[in-house]
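*Asks:* So here's target-v3.cif, just mmCIF, C-alpha atoms and all ligand atoms:
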```
data_run
loop_
_atom_site.label_atom_id
_atom_site.label_comp_id
_atom_site.auth_asym_id
_atom_site.auth_seq_id
_atom_site.Cartn_x
_atom_site.Cartn_y
_atom_site.Cartn_z
CA MET O 17 15.81 21.59 28.62
CA GLU O 18 16.46 25.11 29.85
CA ASN O 19 18.35 27.66 27.78
CA ILE O 20 21.45 28.49 29.83
CA LYS O 21 21.38 32.04 28.42
CA ASN O 22 18.25 32.75 30.50
CA TYR O 23 20.37 32.98 33.64
CA ASN O 24 22.09 36.08 34.90
CA LEU O 25 25.43 35.47 36.62
CA GLU O 26 23.94 35.21 40.12
CA GLU O 27 21.36 32.69 38.97
CA LEU O 28 24.01 30.68 37.13
CA LYS O 29 26.06 30.51 40.32
CA GLN O 30 23.04 29.05 42.11
CA GLU O 31 22.58 26.51 39.32
CA LEU O 32 26.20 25.40 39.63
CA ILE O 33 25.95 25.13 43.41
CA LYS O 34 22.89 22.91 42.94
CA MET O 35 25.02 20.68 40.73
CA GLY O 36 27.63 20.41 43.48
CA GLU O 37 30.11 22.63 41.67
CA LYS O 38 32.17 25.59 42.84
CA GLN O 39 30.74 29.07 42.23
CA TYR O 40 33.70 30.30 40.19
CA ARG O 41 32.80 27.77 37.50
CA ALA O 42 29.73 29.90 36.84
CA GLU O 43 31.93 32.86 35.97
CA GLN O 44 34.00 30.75 33.61
CA ILE O 45 30.91 29.39 31.89
CA PHE O 46 29.29 32.84 31.74
CA LYS O 47 32.42 34.18 30.00
CA TRP O 48 32.44 31.35 27.48
CA ILE O 49 28.83 32.05 26.62
CA HIS O 50 28.73 35.85 26.61
CA GLN O 51 32.31 36.88 25.84
CA GLU O 52 33.72 34.03 23.77
CA ASN O 53 30.30 33.52 22.20
CA ILE O 54 30.69 29.77 21.87
CA THR O 55 28.08 27.62 20.10
CA SER O 56 28.79 24.30 21.80
CA PHE O 57 29.65 23.24 25.35
CA ASP O 58 32.68 21.37 23.95
CA GLU O 59 34.43 24.67 23.33
CA MET O 60 34.66 25.33 27.09
CA THR O 61 38.22 24.04 27.35
CA ASN O 62 38.87 25.00 30.97
CA ILE O 63 35.77 23.07 32.10
CA SER O 64 36.21 19.36 32.80
CA LEU O 65 34.78 16.87 30.32
CA GLU O 66 32.56 15.55 33.07
CA LEU O 67 31.01 18.93 33.84
CA ARG O 68 30.60 19.69 30.15
CA GLU O 69 28.63 16.44 29.81
CA LYS O 70 26.45 17.41 32.78
CA LEU O 71 25.79 20.82 31.25
CA LYS O 72 24.85 19.23 27.92
CA GLN O 73 22.35 16.97 29.67
CA LYS O 74 20.68 19.86 31.45
CA TYR O 75 20.88 22.93 29.23
CA THR O 76 20.84 24.17 25.67
CA LEU O 77 22.76 27.15 24.32
CA GLY O 78 19.73 28.33 22.36
CA VAL O 79 21.74 29.25 19.27
CA PHE O 80 19.48 30.83 16.65
CA ASN O 81 19.55 29.91 12.97
CA ILE O 82 19.72 32.78 10.52
CA LEU O 83 16.82 32.31 8.12
CA LYS O 84 17.38 35.47 6.14
CA LYS O 85 19.77 38.39 6.13
CA GLN O 86 19.14 41.57 4.18
CA GLU O 87 21.57 44.43 3.81
CA SER O 88 20.45 47.97 3.12
CA SER O 89 22.33 50.41 0.92
CA ASP O 90 23.03 52.43 4.10
CA GLY O 91 24.76 49.46 5.77
CA THR O 92 21.86 48.47 8.03
CA VAL O 93 21.42 44.71 8.26
CA LYS O 94 18.13 42.99 9.07
CA TYR O 95 18.11 39.43 10.37
CA LEU O 96 15.27 36.99 10.43
CA PHE O 97 16.03 34.51 13.20
CA ASP O 98 14.54 31.10 13.75
CA VAL O 99 13.88 31.10 17.51
CA LEU O 100 13.75 27.29 17.45
CA ASP O 101 10.02 26.76 18.13
CA GLY O 102 8.59 27.39 14.67
CA ASN O 103 8.50 31.16 15.09
CA ALA O 104 10.79 33.79 13.65
CA ILE O 105 11.61 37.33 14.73
CA GLU O 106 13.50 40.23 13.24
CA THR O 107 16.53 42.03 14.63
CA VAL O 108 18.26 45.02 13.06
CA LEU O 109 21.91 46.07 13.17
CA MET O 110 22.71 49.72 12.51
CA LYS O 111 26.12 51.25 11.94
CA TYR O 112 26.71 54.70 13.37
CA HIS O 113 29.84 56.80 13.66
CA PHE O 114 30.03 55.87 17.36
CA GLY O 115 29.74 52.13 16.76
CA TYR O 116 27.18 49.40 16.23
CA SER O 117 23.69 49.62 17.57
CA ILE O 118 21.27 46.71 17.67
CA CYS O 119 17.48 46.93 17.69
CA VAL O 120 16.12 43.86 19.46
CA SER O 121 12.65 42.34 19.63
CA SER O 122 11.13 41.58 23.03
CA GLN O 123 8.04 39.57 22.06
CA ILE O 124 6.80 37.36 19.24
CA GLY O 125 4.07 39.64 17.96
CA CYS O 126 2.62 42.54 19.95
CA LYS O 127 -0.61 43.24 21.83
CA MET O 128 -0.55 47.02 21.70
CA GLY O 129 -2.36 47.54 18.41
CA CYS O 130 -0.75 50.85 17.38
CA LYS O 131 -2.38 51.81 14.09
CA PHE O 132 0.81 52.85 12.34
CA CYS O 133 3.03 49.89 13.22
CA ALA O 134 3.53 46.72 11.14
CA SER O 135 4.38 44.63 14.20
CA THR O 136 0.72 44.91 15.19
CA GLY O 137 -0.55 43.34 11.99
CA ILE O 138 -0.11 39.79 13.20
CA ALA O 139 -1.33 38.27 16.45
CA PHE O 140 0.65 38.05 19.65
CA VAL O 141 2.25 34.64 20.20
CA ARG O 142 4.41 34.82 23.32
CA ASN O 143 7.05 36.69 25.28
CA LEU O 144 10.69 36.16 24.41
CA MET O 145 12.75 34.67 27.23
CA SER O 146 15.81 36.60 28.50
CA GLY O 147 18.10 34.16 26.73
CA GLU O 148 16.33 34.78 23.44
CA ILE O 149 16.77 38.52 23.83
CA VAL O 150 20.48 38.10 24.65
CA GLU O 151 20.95 35.62 21.79
CA GLN O 152 19.90 38.31 19.29
CA LEU O 153 23.07 40.24 20.24
CA LEU O 154 25.28 37.17 20.37
CA ALA O 155 24.06 35.83 17.02
CA VAL O 156 24.71 39.17 15.30
CA GLN O 157 28.14 39.55 16.93
CA ARG O 158 29.05 36.04 15.80
CA ASP O 159 27.86 36.59 12.27
CA GLN O 160 29.45 40.01 11.79
CA LYS O 161 32.54 39.45 13.97
CA ILE O 162 31.94 42.77 15.68
CA LYS O 163 31.32 44.15 19.15
CA ILE O 164 28.01 45.90 19.59
CA SER O 165 28.05 49.08 21.67
CA ASN O 166 24.38 50.09 21.94
CA VAL O 167 21.11 48.22 22.39
CA VAL O 168 17.63 49.57 21.77
CA PHE O 169 14.49 47.65 22.67
CA MET O 170 12.63 49.00 19.67
CA GLY O 171 12.03 45.85 17.65
CA ILE O 172 8.88 43.76 17.72
CA GLY O 173 6.88 43.80 20.94
CA GLU O 174 6.24 45.98 23.98
CA PRO O 175 9.26 45.53 26.28
CA LEU O 176 7.42 46.62 29.42
CA ASP O 177 4.73 44.01 28.71
CA ASN O 178 7.52 41.41 29.07
CA TYR O 179 8.98 43.19 32.06
CA ASP O 180 10.83 40.46 34.00
CA ASN O 181 12.54 38.93 30.98
CA VAL O 182 13.56 42.31 29.59
CA VAL O 183 14.99 43.55 32.90
CA ASN O 184 16.83 40.27 33.38
CA ALA O 185 18.20 40.43 29.82
CA ILE O 186 19.51 43.92 30.58
CA ARG O 187 21.26 42.64 33.71
CA ILE O 188 22.88 39.88 31.63
CA ILE O 189 23.94 42.20 28.78
CA ASN O 190 25.18 44.75 31.30
CA ASN O 191 27.41 42.38 33.32
CA PRO O 192 31.15 43.24 33.04
CA LYS O 193 31.90 39.51 33.02
CA GLY O 194 29.61 39.10 30.01
CA ILE O 195 28.76 41.25 26.99
CA ASN O 196 29.45 44.28 29.15
CA ILE O 197 27.37 47.00 27.54
CA GLY O 198 26.83 49.88 29.95
CA ALA O 199 23.23 50.52 30.99
CA ARG O 200 23.51 54.04 29.65
CA HIS O 201 23.97 52.48 26.23
CA ILE O 202 20.73 50.52 26.51
CA SER O 203 17.33 52.07 25.72
CA ILE O 204 13.90 50.70 26.43
CA SER O 205 11.10 52.08 24.32
CA THR O 206 7.53 51.83 25.57
CA SER O 207 4.11 52.71 24.23
CA GLY O 208 3.31 53.90 27.76
CA LEU O 209 2.51 51.14 30.26
CA VAL O 210 2.28 53.51 33.22
CA PRO O 211 2.51 51.07 36.18
CA LYS O 212 5.59 49.48 34.62
CA ILE O 213 7.28 52.88 34.23
CA TYR O 214 6.93 53.36 38.00
CA GLN O 215 8.31 49.87 38.55
CA LEU O 216 11.28 50.50 36.26
CA ALA O 217 12.09 53.70 38.13
CA GLU O 218 12.76 51.56 41.22
CA GLU O 219 15.08 49.06 39.53
CA ASN O 220 18.26 51.04 39.85
CA ILE O 221 19.27 50.40 36.24
CA GLN O 222 20.68 53.43 34.46
CA CYS O 223 19.12 52.59 31.09
CA THR O 224 17.48 55.23 28.90
CA LEU O 225 13.71 55.30 28.74
CA SER O 226 12.04 56.27 25.48
CA ILE O 227 8.34 57.00 25.37
CA SER O 228 6.37 56.54 22.18
CA LEU O 229 4.21 59.63 22.54
CA HIS O 230 3.27 60.44 18.92
CA ALA O 231 0.50 62.91 19.75
CA SER O 232 -0.03 65.77 22.14
CA SER O 233 -3.78 65.39 22.73
CA ASP O 234 -5.69 62.40 24.07
CA GLU O 235 -8.06 62.53 21.16
CA LYS O 236 -5.32 62.05 18.56
CA ARG O 237 -3.20 59.70 20.66
CA SER O 238 -6.11 57.35 21.33
CA GLU O 239 -6.79 57.23 17.63
CA MET O 240 -3.20 56.16 16.92
CA MET O 241 -2.51 54.10 20.03
CA PRO O 242 -5.27 52.18 21.84
CA VAL O 243 -3.08 52.02 24.98
CA ASN O 244 -3.98 55.68 25.50
CA ASN O 245 -7.50 54.59 26.48
CA LEU O 246 -5.96 52.70 29.38
CA TYR O 247 -3.36 55.28 30.44
CA ASN O 248 -3.93 58.77 29.11
CA ILE O 249 -1.37 61.49 28.45
CA GLU O 250 -1.80 63.08 31.88
CA GLN O 251 -1.11 59.79 33.67
CA LEU O 252 1.79 59.08 31.34
CA MET O 253 3.41 62.47 31.94
CA LYS O 254 3.06 62.04 35.69
CA ALA O 255 4.87 58.69 35.49
CA CYS O 256 7.58 60.21 33.27
CA LYS O 257 8.17 63.04 35.72
CA TYR O 258 8.46 60.52 38.53
CA TYR O 259 10.95 58.47 36.49
CA ILE O 260 13.14 61.51 35.79
CA GLU O 261 13.06 62.59 39.41
CA LYS O 262 13.86 59.14 40.74
CA THR O 263 16.59 58.17 38.25
CA ASN O 264 18.00 61.57 37.33
CA ARG O 265 17.94 60.39 33.74
CA ARG O 266 16.66 62.29 30.74
CA ILE O 267 13.67 60.77 28.96
CA SER O 268 13.44 60.55 25.21
CA PHE O 269 10.04 61.14 23.61
CA GLU O 270 9.42 59.61 20.21
CA TYR O 271 7.04 61.42 17.92
CA ALA O 272 6.32 59.90 14.50
CA LEU O 273 5.10 62.63 12.19
CA ALA O 274 2.17 61.71 9.96
CA LYS O 275 0.94 64.03 7.24
CA GLU O 276 -2.02 66.21 8.20
CA ASN O 277 -2.51 64.17 11.32
CA ASN O 278 -0.18 65.20 14.13
CA ASP O 279 2.29 67.45 12.31
CA ASN O 280 0.81 70.93 12.47
CA LEU O 281 1.71 73.90 14.63
CA GLU O 282 -1.22 73.33 16.98
CA ASP O 283 0.13 69.87 17.80
CA ALA O 284 3.61 71.31 18.34
CA LYS O 285 2.21 73.98 20.68
CA LYS O 286 0.41 71.38 22.78
CA LEU O 287 3.57 69.28 22.86
CA VAL O 288 5.57 72.22 24.19
CA LYS O 289 2.98 72.69 26.94
CA LEU O 290 3.30 69.04 27.95
CA LEU O 291 7.09 68.90 27.98
CA ARG O 292 8.08 72.36 29.18
CA GLY O 293 10.50 72.16 32.10
CA MET O 294 11.05 68.41 31.76
CA ASN O 295 14.52 66.91 31.39
CA CYS O 296 13.83 65.40 28.01
CA HIS O 297 14.65 65.13 24.35
CA VAL O 298 12.25 64.74 21.44
CA ASN O 299 13.04 62.31 18.66
CA LEU O 300 11.02 63.17 15.58
CA ILE O 301 10.52 60.20 13.27
CA PRO O 302 9.21 60.69 9.74
CA ILE O 303 6.49 58.02 9.89
CA ASN O 304 7.11 54.99 7.74
CA LYS O 305 4.11 53.93 5.74
CA ILE O 306 3.05 50.35 6.32
CA GLU O 307 0.88 48.07 4.23
CA ASN O 308 -2.77 49.12 4.52
CA GLY O 309 -1.80 51.88 6.93
CA LYS O 310 -3.68 55.17 6.72
CA PHE O 311 -0.78 57.35 7.89
CA THR O 312 1.77 58.76 5.48
CA LYS O 313 5.02 60.59 6.00
CA SER O 314 4.91 64.34 6.62
CA SER O 315 6.63 66.60 4.13
CA ASN O 316 10.23 67.55 4.86
CA GLU O 317 9.10 71.12 5.23
CA ALA O 318 6.51 70.22 7.89
CA ILE O 319 9.03 68.08 9.76
CA LEU O 320 11.64 70.85 9.91
CA LYS O 321 9.03 73.42 10.88
CA PHE O 322 7.84 71.19 13.71
CA ARG O 323 11.41 70.63 14.90
CA ASP O 324 12.33 74.30 14.71
CA TYR O 325 9.24 75.32 16.65
CA LEU O 326 10.12 72.92 19.49
CA ASN O 327 13.75 74.07 19.52
CA ASP O 328 12.69 77.72 19.54
CA CYS O 329 10.59 76.98 22.61
CA GLY O 330 13.60 75.46 24.38
CA ILE O 331 12.70 71.80 23.82
CA VAL O 332 15.57 69.81 22.34
CA ALA O 333 14.28 68.04 19.25
CA THR O 334 16.10 66.16 16.51
CA VAL O 335 14.90 64.29 13.45
CA ARG O 336 15.82 60.63 13.56
CA ARG O 337 17.92 59.52 10.63
CA GLU O 338 16.01 56.89 8.74
CA LEU O 339 17.95 53.66 8.35
CA GLY O 340 17.10 50.52 6.46
CA SER O 341 13.76 51.54 4.99
CA ASP O 342 14.69 49.91 1.65
CA ILE O 343 14.69 46.53 3.38
CA ASP O 344 11.67 47.23 5.64
CA ALA O 345 13.96 47.49 8.64
CA ALA O 346 12.99 51.00 9.74
CA CYS O 347 10.84 51.91 12.74
CA GLY O 348 7.52 50.17 12.71
CA GLN O 349 8.34 47.91 9.79
CA LEU O 350 9.36 44.76 11.65
CA ARG O 351 7.16 41.69 11.70
CA ARG O 352 7.21 38.27 13.15
CA LYS O 353 6.87 35.25 10.91
CA ASN O 354 5.37 31.86 11.44
CA LEU O 355 7.59 29.31 9.76
CA LYS O 356 4.84 26.76 9.40
CA ASN O 357 2.37 28.99 7.58
CA SER O 358 4.54 31.20 5.46
N1 LIG G 401 6.51 48.82 21.70
C1 LIG G 401 7.59 49.72 21.91
C2 LIG G 401 8.83 49.46 21.09
C3 LIG G 401 8.67 49.12 19.63
S1 LIG G 401 8.40 50.38 18.47
C4 LIG G 401 7.10 51.14 21.71
O1 LIG G 401 5.96 51.32 21.31
O2 LIG G 401 7.83 52.06 21.99
C5 LIG G 401 9.82 51.37 18.31
C6 LIG G 401 9.49 52.79 17.88
O3 LIG G 401 9.09 52.86 16.49
C7 LIG G 401 8.35 53.35 18.68
O4 LIG G 401 8.57 54.68 19.03
C8 LIG G 401 7.22 53.25 17.69
O5 LIG G 401 6.18 54.06 18.04
C9 LIG G 401 7.91 53.62 16.41
N2 LIG G 401 7.15 53.28 15.22
C10 LIG G 401 6.27 52.28 15.07
N3 LIG G 401 5.73 52.27 13.83
C11 LIG G 401 6.30 53.30 13.17
C12 LIG G 401 6.18 53.80 11.86
N4 LIG G 401 5.35 53.24 10.96
N5 LIG G 401 6.94 54.87 11.51
C13 LIG G 401 7.79 55.42 12.40
N6 LIG G 401 7.93 55.00 13.66
C14 LIG G 401 7.20 53.95 14.06
#
```
Take the structure I supplied and represent it as structure tokens, if you would.

*Replies:*
Amino acid sequence: MENIKNYNLEELKQELIKMGEKQYRAEQIFKWIHQENITSFDEMTNISLELREKLKQKYTLGVFNILKKQESSDGTVKYLFDVLDGNAIETVLMKYHFGYSICVSSQIGCKMGCKFCASTGIAFVRNLMSGEIVEQLLAVQRDQKIKISNVVFMGIGEPLDNYDNVVNAIRIINNPKGINIGARHISISTSGLVPKIYQLAEENIQCTLSISLHASSDEKRSEMMPVNNLYNIEQLMKACKYYIEKTNRRISFEYALAKENNDNLEDAKKLVKLLRGMNCHVNLIPINKIENGKFTKSSNEAILKFRDYLNDCGIVATVRRELGSDIDAACGQLRRKNLKNS
């Protein structure tokens, strides 16, 4: 059976037409699912019993089970969800002064192999479907009885490696008849899949693009991120410039600072050269140490020096506040779990 949450509103209309129903039923059903956040078709009280039965025969609502919930001293909450096929993924809820932000996973496992990231440690299993991406928001909203205002695709997986499902999930989340989170409040983070950046530029979605850059020379970047051997910094920067030009949106560059690796003034100087004149923002992340990882966090002094140098050169740089590290919910600390083997 198909998960009904995989459909965007247009697709759902087509499904209803195929069933011999009127289009407006699709809007009603879409609202029940994404606004009322129901967990059973029986709750759709303005839908006839007969149609509810038909829906039950054909679709599931793909409601996740919460396997584990951990709360950090800073209010961050990490969920381990059973995605109903024996696998489990993590999702993180963060509380900011402007509202709630959710960090969603896009794949079960990850193929990218970044040396500093825990999500790499275990093999890739499969892409998440759009409905499974959307359900991460719905499940958290149900559990916390809140409305989420921001979404970041910074959990497990490489969102642009699951392009169609991620873009469709954004269209679903974005729909005013559904969860209704503005595209400007949705960020996609990528390790740098260049052809997909060009493709995204053409989509006409106003979401924010974040690039995991992490180094300012090919030598260092390739050492940290194997994807750099496929698409080097020059190719990546060209794609970023195209994206900015085409969408008129500012790009965010993420740079995780690792002690005596990429945190000295030489690295900062090269970074300035790369980014000068670009409509961008640099997010400096004190690197989180992972099990068996060789990278460790830079000193506070080095981090501030790096930031100040960029700012002095006219590049807007801020240090990302670290949330949830006491429950392994911070950047790079999320993992998938196999329910059968662990
Ligand atoms: N695959 C995507 C999204 C997931 S990672 C990407 O690479 O962008 C989300 C962010 O956390 C990325 O910028 C990633 O590089 C960063 N990150 C990964 N491991 C980290 C670590 N150990 N410490 C700090 N940031 C890390």

*Asks:* Calculated over all atoms listed in the file, which of the candidates O:Arg336, O:Lys29, O:Lys21, O:Lys94 has the smallest distance to ligand LIG 401 (chain G)?

*Replies:*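 Of all the options, O:Arg336 lies closest to ligand LIG 401 (chain G).
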
*Asks:* Would you mind listing what lies within 8 Å of O:Ile118 as a list in words, with all atoms listed in the file counted and same-chain residues fewer than 4 positions away left out?

*Replies:* Thr107, Val108, Leu109, Met110, Leu153, Ile164, Asn166, Val167 and Val168 of chain O

*Asks:* Ranking O:Gly194, O:Gly147, O:Gly125, O:Gly91 by minimum distance to O:Thr76 and counting all atoms listed in the file, which one comes first?

*Replies:*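 Closest to O:Thr76 of all the choices is O:Gly147.
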
*Asks:* Do you know which residues are at most 9 Å from stretch 55-65 of chain O counting all atoms listed in the file, after dropping those on the same chain fewer than 2 positions away, and could you put them as number ranges by chain?

*Replies:* O: 41, 44-45, 48-49, 53, 67-72, 76-79

*Asks:* What is the atom CA of O:Val288 to atom CA of O:Ile172 distance in Å?

*Replies:*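 Calculated distance between atom CA of O:Val288 and atom CA of O:Ile172 is 29.4 Å.
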